[in-house]
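Enquirer: First the structure, which I've put down as structure tokens, then a few questions once you've had a look.
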Number of protein chains: 2
Amino acid sequence: MISVVIIGNGNVAHHLEKTFLKASGIHVSRINSRSLNDIPKADVTILAVSDNAIASVSLKITNSFVVHTSGSFSMEALQNKESKGVFYMLQTFTKEKEVDFSQVPFCLEASSQTGYLLLEKLAKSFGNKVYPINSAQRKALHIAAVFVNNFTNHMYKIGNDICEKHQVPFDILFPLIDETAQKIKTLSPQLAQTGPAKRNDTETIKNHLELLNQEQQEIYKILTRSITDATR
Amino acid sequence: MISVVIIGNGNVAHHLEKTFLKASGIHVSRINSRSLNDIPKADVTILAVSDNAIASVSLKITNSFVVHTSGSFSMEALQNKESKGVFYMLQTFTKEKEVDFSQVPFCLEASSQTGYLLLEKLAKSFGNKVYPINSAQRKALHIAAVFVNNFTNHMYKIGNDICEKHQVPFDILFPLIDETAQKIKTLSPQLAQTGPAKRNDTETIKNHLELLNQEQQEIYKILTRSITDATR
């Protein structure tokens with residue numbers, strides 16, 4: 001039995017608690033980060049708080065092993081006196097949507113071997129994909145995640161805006177969106193690229209720009225130039 | 001039996017011919033666009049040629065019903081004398097990769113009702129998703145497709161570049177890429193957005209920019225600003 005305390009009120013804390021409650025061999029308690037007076041002892045204390053609260057919250061915790069869940073902060077951001085670690089799940093969490101943890105990559109780091117093995121055991125009790133990732137690698141992964149998740153989602157948003165403006169249902173694009181995500185599993189993104197920027201089709205590019213608003217034009221131009229640079 | 005002639009040498013011509021050969025009720029011939037002397041008669045003549053060749057190639061065809069497959073050119077780009085149409089498949093085609101046509105949206109347009117019904121019959125003989133889409137709507141769809149396919153693929157490429165530079169396997173990001181594509185089927189892209197730009201987390205944004213090269217920084221900044229604008 002691994003005892004776990006989760007501190008936090010956000011999406012990550014919510015989904016983790018829900019999953020730990022279902023997993024066997026885990027005893028979980030959840031604590032609001034604004035009431036830290038009475039924290040139960042536990043094998044692992046998980047801070048699922050906002051990045052900027054990691055230092056101040058960890059300073060108040062005397063439990064033996066404290067980990068955070070942040071992609072961008074290093075393990076050393078933790079200010080507790082004893083063992084430290086990171087339990088980073090590389091996935092996007094939304095409160096309303098179920099998370100399939102069997103598909104979530106767990107990126108683990110710990111200041112001691114014992115700590116690492118404990119995190120690994122915890123992750124494997126409800127997940128499949130476990131990676132040892134140090135703070136520098138995690139930071140790079142987090143930036144890459146901003147591109148493939150946040151910025152990609154913004155490409156979808158602009159696609160949706162264009163469809164709405166011209167009264168075409170956005171869902172006609174869903175098979176293309178799926179295929180784009182699937183294709184890079186067998187071809188590198190470099191080889192998977194197609195379209196007017198890749199072909200240097202200046203006529204089509206000019207026609208497209210005419211139908212976009214100023215902000216969309218700026219994005220279209222800079223990404224077209226970047227694809228052209230990558231093709232050379 | 002529908003008789004079809006495909007003119008063209010590219011990926012679209014290749015995949016269409018392969019599929020028509022397997023479908024029942026279709027008789028298909030394929031002609032190289034550089035040898036247009038002896039084109040067989042057919043119910044539908046499909047020009048799967050580059051956009052800029054549509055006018056010149058169509059001018060030489062005397063068959064009764066000629067269609068092109070371009071997302072960006074209007075039906076009127078065809079210069080044949082008789083019936084015209086468009087048979088646009090909203091998907092990305094790569095020679096090395098099989099296409100599942102049951103998942104491809106067919107966007108159809110024709111200058112006559114008879115022509116439209118013929119294209120619809122043809123599309124339904126090997127596909128499921130058929131939409132009547134006029135030239136203005138198709139142009140908007142094509143631009144939206146550049147954002148959700150070409151530009152999204154470029155986000156994957158930058159993610160891959162960052163991973164390579166920092167020696168992290170890119171495939172750790174695959175589950176996140178999949179979830180990003182799935183999420184917008186139940187939530188609008190606007191509601192699905194998360195991350196530092198959405199939270200206006202200037203500290204994380206600053207940290208990220210420090211690890212990027214100049215071109216990546218430019219893209220990061222403009223997309224962060226655009227997400228911030230959309231969040232307001």
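How things are named: the first chain in the structure tokens is A, the next is B, and so on; residues count from 1 in each chain; ligands count from 1 in the order shown.
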Quick one: everything within 10 Å of B:Thr114, counting only C-alpha atoms, minus sequence neighbours fewer than 5 positions away in the same chain. Send it as a PyMOL selection string.
Expert: chain B and resi 83+119-120
Enquirer: Distance cut-off 6 Å, counting only C-alpha atoms - which residues of chain B neighbour chain A? Return them as a list in words.
Expert: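 Within 6 Å of chain A on chain B, we get Gln91, Ala144, Phe147, Val148, Asn149, Thr152, Met155, Tyr156, Lys157, Gly159, Leu176, Thr180 and Pro189 of chain B.
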Enquirer: With all heavy atoms retained, write the just-selected residues as an mmCIF file, in the first residue's frame.
Expert:
data_model
loop_
_atom_site.group_PDB
_atom_site.id
_atom_site.type_symbol
_atom_site.label_atom_id
_atom_site.label_comp_id
_atom_site.auth_asym_id
_atom_site.auth_seq_id
_atom_site.Cartn_x
_atom_site.Cartn_y
_atom_site.Cartn_z
ATOM 1 N N GLN B 91 -8.404 15.773 -47.940
ATOM 2 C CA GLN B 91 -7.499 14.908 -47.193
ATOM 3 C C GLN B 91 -6.087 15.134 -47.698
ATOM 4 O O GLN B 91 -5.893 15.680 -48.788
ATOM 5 C CB GLN B 91 -7.927 13.446 -47.363
ATOM 6 C CG GLN B 91 -7.221 12.445 -46.462
ATOM 7 C CD GLN B 91 -7.226 12.820 -44.989
ATOM 8 O OE1 GLN B 91 -6.427 13.641 -44.555
ATOM 9 N NE2 GLN B 91 -8.130 12.250 -44.198
ATOM 10 N N ALA B 144 -8.709 26.877 -44.525
ATOM 11 C CA ALA B 144 -8.803 26.285 -43.182
ATOM 12 C C ALA B 144 -7.949 25.024 -43.110
ATOM 13 O O ALA B 144 -7.289 24.758 -42.093
ATOM 14 C CB ALA B 144 -10.267 25.973 -42.845
ATOM 15 N N PHE B 147 -4.340 25.676 -42.381
ATOM 16 C CA PHE B 147 -4.081 25.881 -40.947
ATOM 17 C C PHE B 147 -4.090 24.556 -40.181
ATOM 18 O O PHE B 147 -3.145 24.267 -39.453
ATOM 19 C CB PHE B 147 -5.108 26.860 -40.344
ATOM 20 C CG PHE B 147 -4.781 28.308 -40.627
ATOM 21 C CD1 PHE B 147 -5.260 28.946 -41.761
ATOM 22 C CD2 PHE B 147 -3.967 29.039 -39.762
ATOM 23 C CE1 PHE B 147 -4.940 30.275 -42.035
ATOM 24 C CE2 PHE B 147 -3.644 30.369 -40.024
ATOM 25 C CZ PHE B 147 -4.125 30.993 -41.167
ATOM 26 N N VAL B 148 -5.138 23.738 -40.355
ATOM 27 C CA VAL B 148 -5.251 22.537 -39.507
ATOM 28 C C VAL B 148 -4.353 21.398 -39.978
ATOM 29 O O VAL B 148 -4.083 20.471 -39.211
ATOM 30 C CB VAL B 148 -6.713 22.027 -39.373
ATOM 31 C CG1 VAL B 148 -7.633 23.138 -38.877
ATOM 32 C CG2 VAL B 148 -7.237 21.403 -40.651
ATOM 33 N N ASN B 149 -3.860 21.470 -41.210
ATOM 34 C CA ASN B 149 -2.962 20.408 -41.680
ATOM 35 C C ASN B 149 -1.521 20.914 -41.846
ATOM 36 O O ASN B 149 -0.637 20.565 -41.074
ATOM 37 C CB ASN B 149 -3.502 19.801 -42.977
ATOM 38 C CG ASN B 149 -2.500 18.885 -43.665
ATOM 39 O OD1 ASN B 149 -2.036 19.161 -44.768
ATOM 40 N ND2 ASN B 149 -2.133 17.793 -43.007
ATOM 41 N N THR B 152 -0.338 22.949 -38.684
ATOM 42 C CA THR B 152 -0.269 22.030 -37.545
ATOM 43 C C THR B 152 0.919 21.083 -37.698
ATOM 44 O O THR B 152 1.676 20.864 -36.745
ATOM 45 C CB THR B 152 -1.590 21.237 -37.443
ATOM 46 O OG1 THR B 152 -2.589 22.120 -36.943
ATOM 47 C CG2 THR B 152 -1.462 20.041 -36.508
ATOM 48 N N MET B 155 3.904 22.750 -36.618
ATOM 49 C CA MET B 155 4.035 22.779 -35.146
ATOM 50 C C MET B 155 4.665 21.469 -34.667
ATOM 51 O O MET B 155 5.497 21.460 -33.769
ATOM 52 C CB MET B 155 2.660 22.960 -34.472
ATOM 53 C CG MET B 155 1.946 24.260 -34.783
ATOM 54 S SD MET B 155 2.888 25.722 -34.287
ATOM 55 C CE MET B 155 3.270 26.419 -35.878
ATOM 56 N N TYR B 156 4.245 20.343 -35.277
ATOM 57 C CA TYR B 156 4.854 19.052 -34.937
ATOM 58 C C TYR B 156 6.343 19.072 -35.277
ATOM 59 O O TYR B 156 7.172 18.551 -34.528
ATOM 60 C CB TYR B 156 4.191 17.904 -35.707
ATOM 61 C CG TYR B 156 2.709 17.700 -35.486
ATOM 62 C CD1 TYR B 156 1.948 16.987 -36.415
ATOM 63 C CD2 TYR B 156 2.057 18.193 -34.357
ATOM 64 C CE1 TYR B 156 0.585 16.770 -36.219
ATOM 65 C CE2 TYR B 156 0.695 17.986 -34.168
ATOM 66 C CZ TYR B 156 -0.035 17.276 -35.106
ATOM 67 O OH TYR B 156 -1.374 17.061 -34.924
ATOM 68 N N LYS B 157 6.673 19.675 -36.424
ATOM 69 C CA LYS B 157 8.084 19.701 -36.835
ATOM 70 C C LYS B 157 8.922 20.480 -35.813
ATOM 71 O O LYS B 157 10.006 20.037 -35.424
ATOM 72 C CB LYS B 157 8.254 20.324 -38.217
ATOM 73 C CG LYS B 157 9.727 20.412 -38.576
ATOM 74 C CD LYS B 157 10.057 21.083 -39.860
ATOM 75 C CE LYS B 157 11.569 21.020 -40.065
ATOM 76 N NZ LYS B 157 12.306 21.877 -39.107
ATOM 77 N N GLY B 159 8.200 20.980 -32.664
ATOM 78 C CA GLY B 159 8.241 20.134 -31.469
ATOM 79 C C GLY B 159 9.323 19.058 -31.601
ATOM 80 O O GLY B 159 10.111 18.821 -30.675
ATOM 81 N N LEU B 176 -0.245 13.223 -26.419
ATOM 82 C CA LEU B 176 -0.725 14.607 -26.316
ATOM 83 C C LEU B 176 -1.237 15.097 -27.676
ATOM 84 O O LEU B 176 -2.277 15.768 -27.761
ATOM 85 C CB LEU B 176 0.410 15.512 -25.815
ATOM 86 C CG LEU B 176 0.070 16.991 -25.665
ATOM 87 C CD1 LEU B 176 -1.014 17.207 -24.608
ATOM 88 C CD2 LEU B 176 1.315 17.806 -25.303
ATOM 89 N N THR B 180 -5.067 16.212 -28.345
ATOM 90 C CA THR B 180 -5.346 17.551 -28.870
ATOM 91 C C THR B 180 -6.299 17.467 -30.062
ATOM 92 O O THR B 180 -7.236 18.264 -30.183
ATOM 93 C CB THR B 180 -4.019 18.221 -29.290
ATOM 94 O OG1 THR B 180 -3.097 18.145 -28.205
ATOM 95 C CG2 THR B 180 -4.232 19.683 -29.670
ATOM 96 N N PRO B 189 -12.503 24.561 -30.204
ATOM 97 C CA PRO B 189 -11.074 24.857 -29.991
ATOM 98 C C PRO B 189 -10.868 26.001 -29.000
ATOM 99 O O PRO B 189 -9.914 25.995 -28.221
ATOM 100 C CB PRO B 189 -10.578 25.257 -31.389
ATOM 101 C CG PRO B 189 -11.532 24.651 -32.351
ATOM 102 C CD PRO B 189 -12.855 24.577 -31.652
#
Enquirer: Give me, as a ChimeraX atom specification, the residues of stretch 2-219 of chain B that a backbone DSSP run labels alpha helix (DSSP H).
Expert: /B:11-22,54-59,113-124,135-145,152-165,174-183,189-192,196-199,202-210,214-219
Enquirer: Can you pull out the residues contacting stretch 14-16 of chain A? Cut-off 12 Å, using only C-alpha atoms, and skip same-chain residues under 4 positions away; I want them as a PDB file with N, CA and C atoms, in the first residue's frame.
Expert:
ATOM      1  N   VAL A   4      -0.672   8.365  -0.345  1.00  0.00           N
ATOM      2  CA  VAL A   4      -0.431   9.568  -1.142  1.00  0.00           C
ATOM      3  C   VAL A   4      -1.286  10.706  -0.608  1.00  0.00           C
ATOM      4  N   VAL A   5      -0.662  11.885  -0.499  1.00  0.00           N
ATOM      5  CA  VAL A   5      -1.435  13.098  -0.238  1.00  0.00           C
ATOM      6  C   VAL A   5      -1.328  13.987  -1.467  1.00  0.00           C
ATOM      7  N   ILE A   6      -2.475  14.446  -1.978  1.00  0.00           N
ATOM      8  CA  ILE A   6      -2.474  15.394  -3.099  1.00  0.00           C
ATOM      9  C   ILE A   6      -2.855  16.762  -2.561  1.00  0.00           C
ATOM     10  N   ILE A   7      -2.026  17.761  -2.863  1.00  0.00           N
ATOM     11  CA  ILE A   7      -2.362  19.129  -2.461  1.00  0.00           C
ATOM     12  C   ILE A   7      -2.683  19.929  -3.714  1.00  0.00           C
ATOM     13  N   GLY A   8      -3.895  20.487  -3.787  1.00  0.00           N
ATOM     14  CA  GLY A   8      -4.257  21.291  -4.956  1.00  0.00           C
ATOM     15  C   GLY A   8      -5.732  21.222  -5.274  1.00  0.00           C
ATOM     16  N   ASN A   9      -6.193  22.205  -6.057  1.00  0.00           N
ATOM     17  CA  ASN A   9      -7.627  22.316  -6.366  1.00  0.00           C
ATOM     18  C   ASN A   9      -7.911  22.296  -7.864  1.00  0.00           C
ATOM     19  N   GLY A  10      -6.883  22.165  -8.698  1.00  0.00           N
ATOM     20  CA  GLY A  10      -7.081  22.306 -10.151  1.00  0.00           C
ATOM     21  C   GLY A  10      -7.410  20.994 -10.842  1.00  0.00           C
ATOM     22  N   PHE A  20      -6.582   7.658  -8.395  1.00  0.00           N
ATOM     23  CA  PHE A  20      -6.003   6.966  -7.241  1.00  0.00           C
ATOM     24  C   PHE A  20      -7.088   6.262  -6.440  1.00  0.00           C
ATOM     25  N   LEU A  21      -8.275   6.875  -6.357  1.00  0.00           N
ATOM     26  CA  LEU A  21      -9.373   6.268  -5.599  1.00  0.00           C
ATOM     27  C   LEU A  21      -9.785   4.935  -6.213  1.00  0.00           C
ATOM     28  N   LYS A  22      -9.645   4.846  -7.563  1.00  0.00           N
ATOM     29  CA  LYS A  22     -10.040   3.615  -8.255  1.00  0.00           C
ATOM     30  C   LYS A  22      -8.938   2.546  -8.250  1.00  0.00           C
ATOM     31  N   ALA A  23      -7.660   3.005  -8.186  1.00  0.00           N
ATOM     32  CA  ALA A  23      -6.534   2.055  -8.285  1.00  0.00           C
ATOM     33  C   ALA A  23      -6.421   1.238  -6.999  1.00  0.00           C
ATOM     34  N   ILE A  26      -3.392   1.916  -3.362  1.00  0.00           N
ATOM     35  CA  ILE A  26      -3.078   3.324  -3.090  1.00  0.00           C
ATOM     36  C   ILE A  26      -4.088   3.881  -2.087  1.00  0.00           C
ATOM     37  N   VAL A  28      -5.326   7.433  -0.718  1.00  0.00           N
ATOM     38  CA  VAL A  28      -5.158   8.840  -1.112  1.00  0.00           C
ATOM     39  C   VAL A  28      -5.970   9.790  -0.226  1.00  0.00           C
ATOM     40  N   SER A  29      -5.369  10.946   0.109  1.00  0.00           N
ATOM     41  CA  SER A  29      -6.127  12.047   0.722  1.00  0.00           C
ATOM     42  C   SER A  29      -5.862  13.297  -0.101  1.00  0.00           C
ATOM     43  N   ARG A  30      -6.842  14.171  -0.161  1.00  0.00           N
ATOM     44  CA  ARG A  30      -6.638  15.425  -0.893  1.00  0.00           C
ATOM     45  C   ARG A  30      -6.828  16.608   0.038  1.00  0.00           C
ATOM     46  N   ILE A  31      -5.916  17.594  -0.113  1.00  0.00           N
ATOM     47  CA  ILE A  31      -5.878  18.744   0.786  1.00  0.00           C
ATOM     48  C   ILE A  31      -5.956  20.015  -0.053  1.00  0.00           C
ATOM     49  N   ASN A  32      -6.773  20.935   0.353  1.00  0.00           N
ATOM     50  CA  ASN A  32      -6.829  22.241  -0.303  1.00  0.00           C
ATOM     51  C   ASN A  32      -5.538  23.006  -0.011  1.00  0.00           C
ATOM     52  N   ILE A  46       2.083  14.933  -3.193  1.00  0.00           N
ATOM     53  CA  ILE A  46       2.093  15.490  -4.560  1.00  0.00           C
ATOM     54  C   ILE A  46       1.536  16.909  -4.548  1.00  0.00           C
ATOM     55  N   LEU A  47       2.370  17.876  -4.937  1.00  0.00           N
ATOM     56  CA  LEU A  47       1.903  19.253  -5.059  1.00  0.00           C
ATOM     57  C   LEU A  47       1.370  19.481  -6.469  1.00  0.00           C
ATOM     58  N   ALA A  48       0.043  19.459  -6.612  1.00  0.00           N
ATOM     59  CA  ALA A  48      -0.550  19.770  -7.919  1.00  0.00           C
ATOM     60  C   ALA A  48      -1.095  21.190  -7.840  1.00  0.00           C
ATOM     61  N   VAL A  49      -0.164  22.119  -7.598  1.00  0.00           N
ATOM     62  CA  VAL A  49      -0.535  23.537  -7.429  1.00  0.00           C
ATOM     63  C   VAL A  49       0.031  24.334  -8.597  1.00  0.00           C
ATOM     64  N   THR A  69       4.204  18.583  -9.974  1.00  0.00           N
ATOM     65  CA  THR A  69       3.677  18.025 -11.231  1.00  0.00           C
ATOM     66  C   THR A  69       3.896  18.980 -12.403  1.00  0.00           C
ATOM     67  N   PHE A  87       6.615  14.480 -10.662  1.00  0.00           N
ATOM     68  CA  PHE A  87       5.654  13.522 -11.201  1.00  0.00           C
ATOM     69  C   PHE A  87       4.880  14.273 -12.280  1.00  0.00           C
ATOM     70  N   TYR A  88       5.489  14.336 -13.490  1.00  0.00           N
ATOM     71  CA  TYR A  88       4.925  15.173 -14.558  1.00  0.00           C
ATOM     72  C   TYR A  88       4.190  14.297 -15.565  1.00  0.00           C
ATOM     73  N   MET A  89       2.926  14.612 -15.792  1.00  0.00           N
ATOM     74  CA  MET A  89       2.133  13.869 -16.771  1.00  0.00           C
ATOM     75  C   MET A  89       1.991  14.725 -18.011  1.00  0.00           C
ATOM     76  N   GLN A  91       0.185  15.501 -20.598  1.00  0.00           N
ATOM     77  CA  GLN A  91      -1.129  15.412 -21.225  1.00  0.00           C
ATOM     78  C   GLN A  91      -1.887  16.686 -20.907  1.00  0.00           C
ATOM     79  N   THR A  92      -2.932  16.984 -21.701  1.00  0.00           N
ATOM     80  CA  THR A  92      -3.755  18.158 -21.433  1.00  0.00           C
ATOM     81  C   THR A  92      -4.981  17.714 -20.625  1.00  0.00           C
ATOM     82  N   PHE A  93      -5.218  18.395 -19.515  1.00  0.00           N
ATOM     83  CA  PHE A  93      -6.309  18.030 -18.621  1.00  0.00           C
ATOM     84  C   PHE A  93      -7.422  19.075 -18.663  1.00  0.00           C
ATOM     85  N   THR A  94      -8.634  18.610 -18.877  1.00  0.00           N
ATOM     86  CA  THR A  94      -9.794  19.497 -18.819  1.00  0.00           C
ATOM     87  C   THR A  94     -10.755  18.878 -17.833  1.00  0.00           C
ATOM     88  N   LYS A  95     -11.331  19.700 -16.952  1.00  0.00           N
ATOM     89  CA  LYS A  95     -12.159  19.146 -15.880  1.00  0.00           C
ATOM     90  C   LYS A  95     -13.301  18.282 -16.425  1.00  0.00           C
ATOM     91  N   GLU A  96     -13.930  18.739 -17.527  1.00  0.00           N
ATOM     92  CA  GLU A  96     -15.134  18.070 -18.024  1.00  0.00           C
ATOM     93  C   GLU A  96     -14.833  16.766 -18.759  1.00  0.00           C
ATOM     94  N   LYS A  97     -13.549  16.503 -19.073  1.00  0.00           N
ATOM     95  CA  LYS A  97     -13.269  15.366 -19.951  1.00  0.00           C
ATOM     96  C   LYS A  97     -12.464  14.290 -19.212  1.00  0.00           C
ATOM     97  N   GLU A  98     -12.919  13.057 -19.301  1.00  0.00           N
ATOM     98  CA  GLU A  98     -12.215  11.919 -18.703  1.00  0.00           C
ATOM     99  C   GLU A  98     -10.794  11.796 -19.263  1.00  0.00           C
ATOM    100  N   VAL A  99      -9.847  11.357 -18.447  1.00  0.00           N
ATOM    101  CA  VAL A  99      -8.481  11.126 -18.917  1.00  0.00           C
ATOM    102  C   VAL A  99      -8.209   9.623 -18.939  1.00  0.00           C
ATOM    103  N   ASP A 100      -7.677   9.118 -20.056  1.00  0.00           N
ATOM    104  CA  ASP A 100      -7.282   7.708 -20.131  1.00  0.00           C
ATOM    105  C   ASP A 100      -5.805   7.615 -19.729  1.00  0.00           C
ATOM    106  N   PHE A 101      -5.558   7.315 -18.423  1.00  0.00           N
ATOM    107  CA  PHE A 101      -4.179   7.349 -17.914  1.00  0.00           C
ATOM    108  C   PHE A 101      -3.287   6.256 -18.524  1.00  0.00           C
ATOM    109  N   VAL A 104      -1.228   8.078 -20.920  1.00  0.00           N
ATOM    110  CA  VAL A 104      -0.503   9.276 -20.491  1.00  0.00           C
ATOM    111  C   VAL A 104       0.969   8.937 -20.210  1.00  0.00           C
ATOM    112  N   LEU A 122       4.146   3.925  -8.257  1.00  0.00           N
ATOM    113  CA  LEU A 122       2.884   4.677  -8.223  1.00  0.00           C
ATOM    114  C   LEU A 122       2.335   4.851  -9.649  1.00  0.00           C
ATOM    115  N   ALA A 123       3.183   5.307 -10.571  1.00  0.00           N
ATOM    116  CA  ALA A 123       2.749   5.555 -11.954  1.00  0.00           C
ATOM    117  C   ALA A 123       2.279   4.259 -12.612  1.00  0.00           C
ATOM    118  N   PHE A 126      -1.410   2.663 -12.296  1.00  0.00           N
ATOM    119  CA  PHE A 126      -2.572   3.053 -13.123  1.00  0.00           C
ATOM    120  C   PHE A 126      -2.174   3.535 -14.518  1.00  0.00           C
ATOM    121  N   GLY A 127      -0.870   3.552 -14.829  1.00  0.00           N
ATOM    122  CA  GLY A 127      -0.417   3.986 -16.157  1.00  0.00           C
ATOM    123  C   GLY A 127       0.492   2.958 -16.787  1.00  0.00           C
TER     124      GLY A 127
END
Enquirer: Which is closer to B:Asn200 than all the others in B:Ala110, B:Arg232, B:Lys121, B:Arg34, using only C-alpha atoms?
Expert: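 The closest residue to B:Asn200 is B:Arg232.
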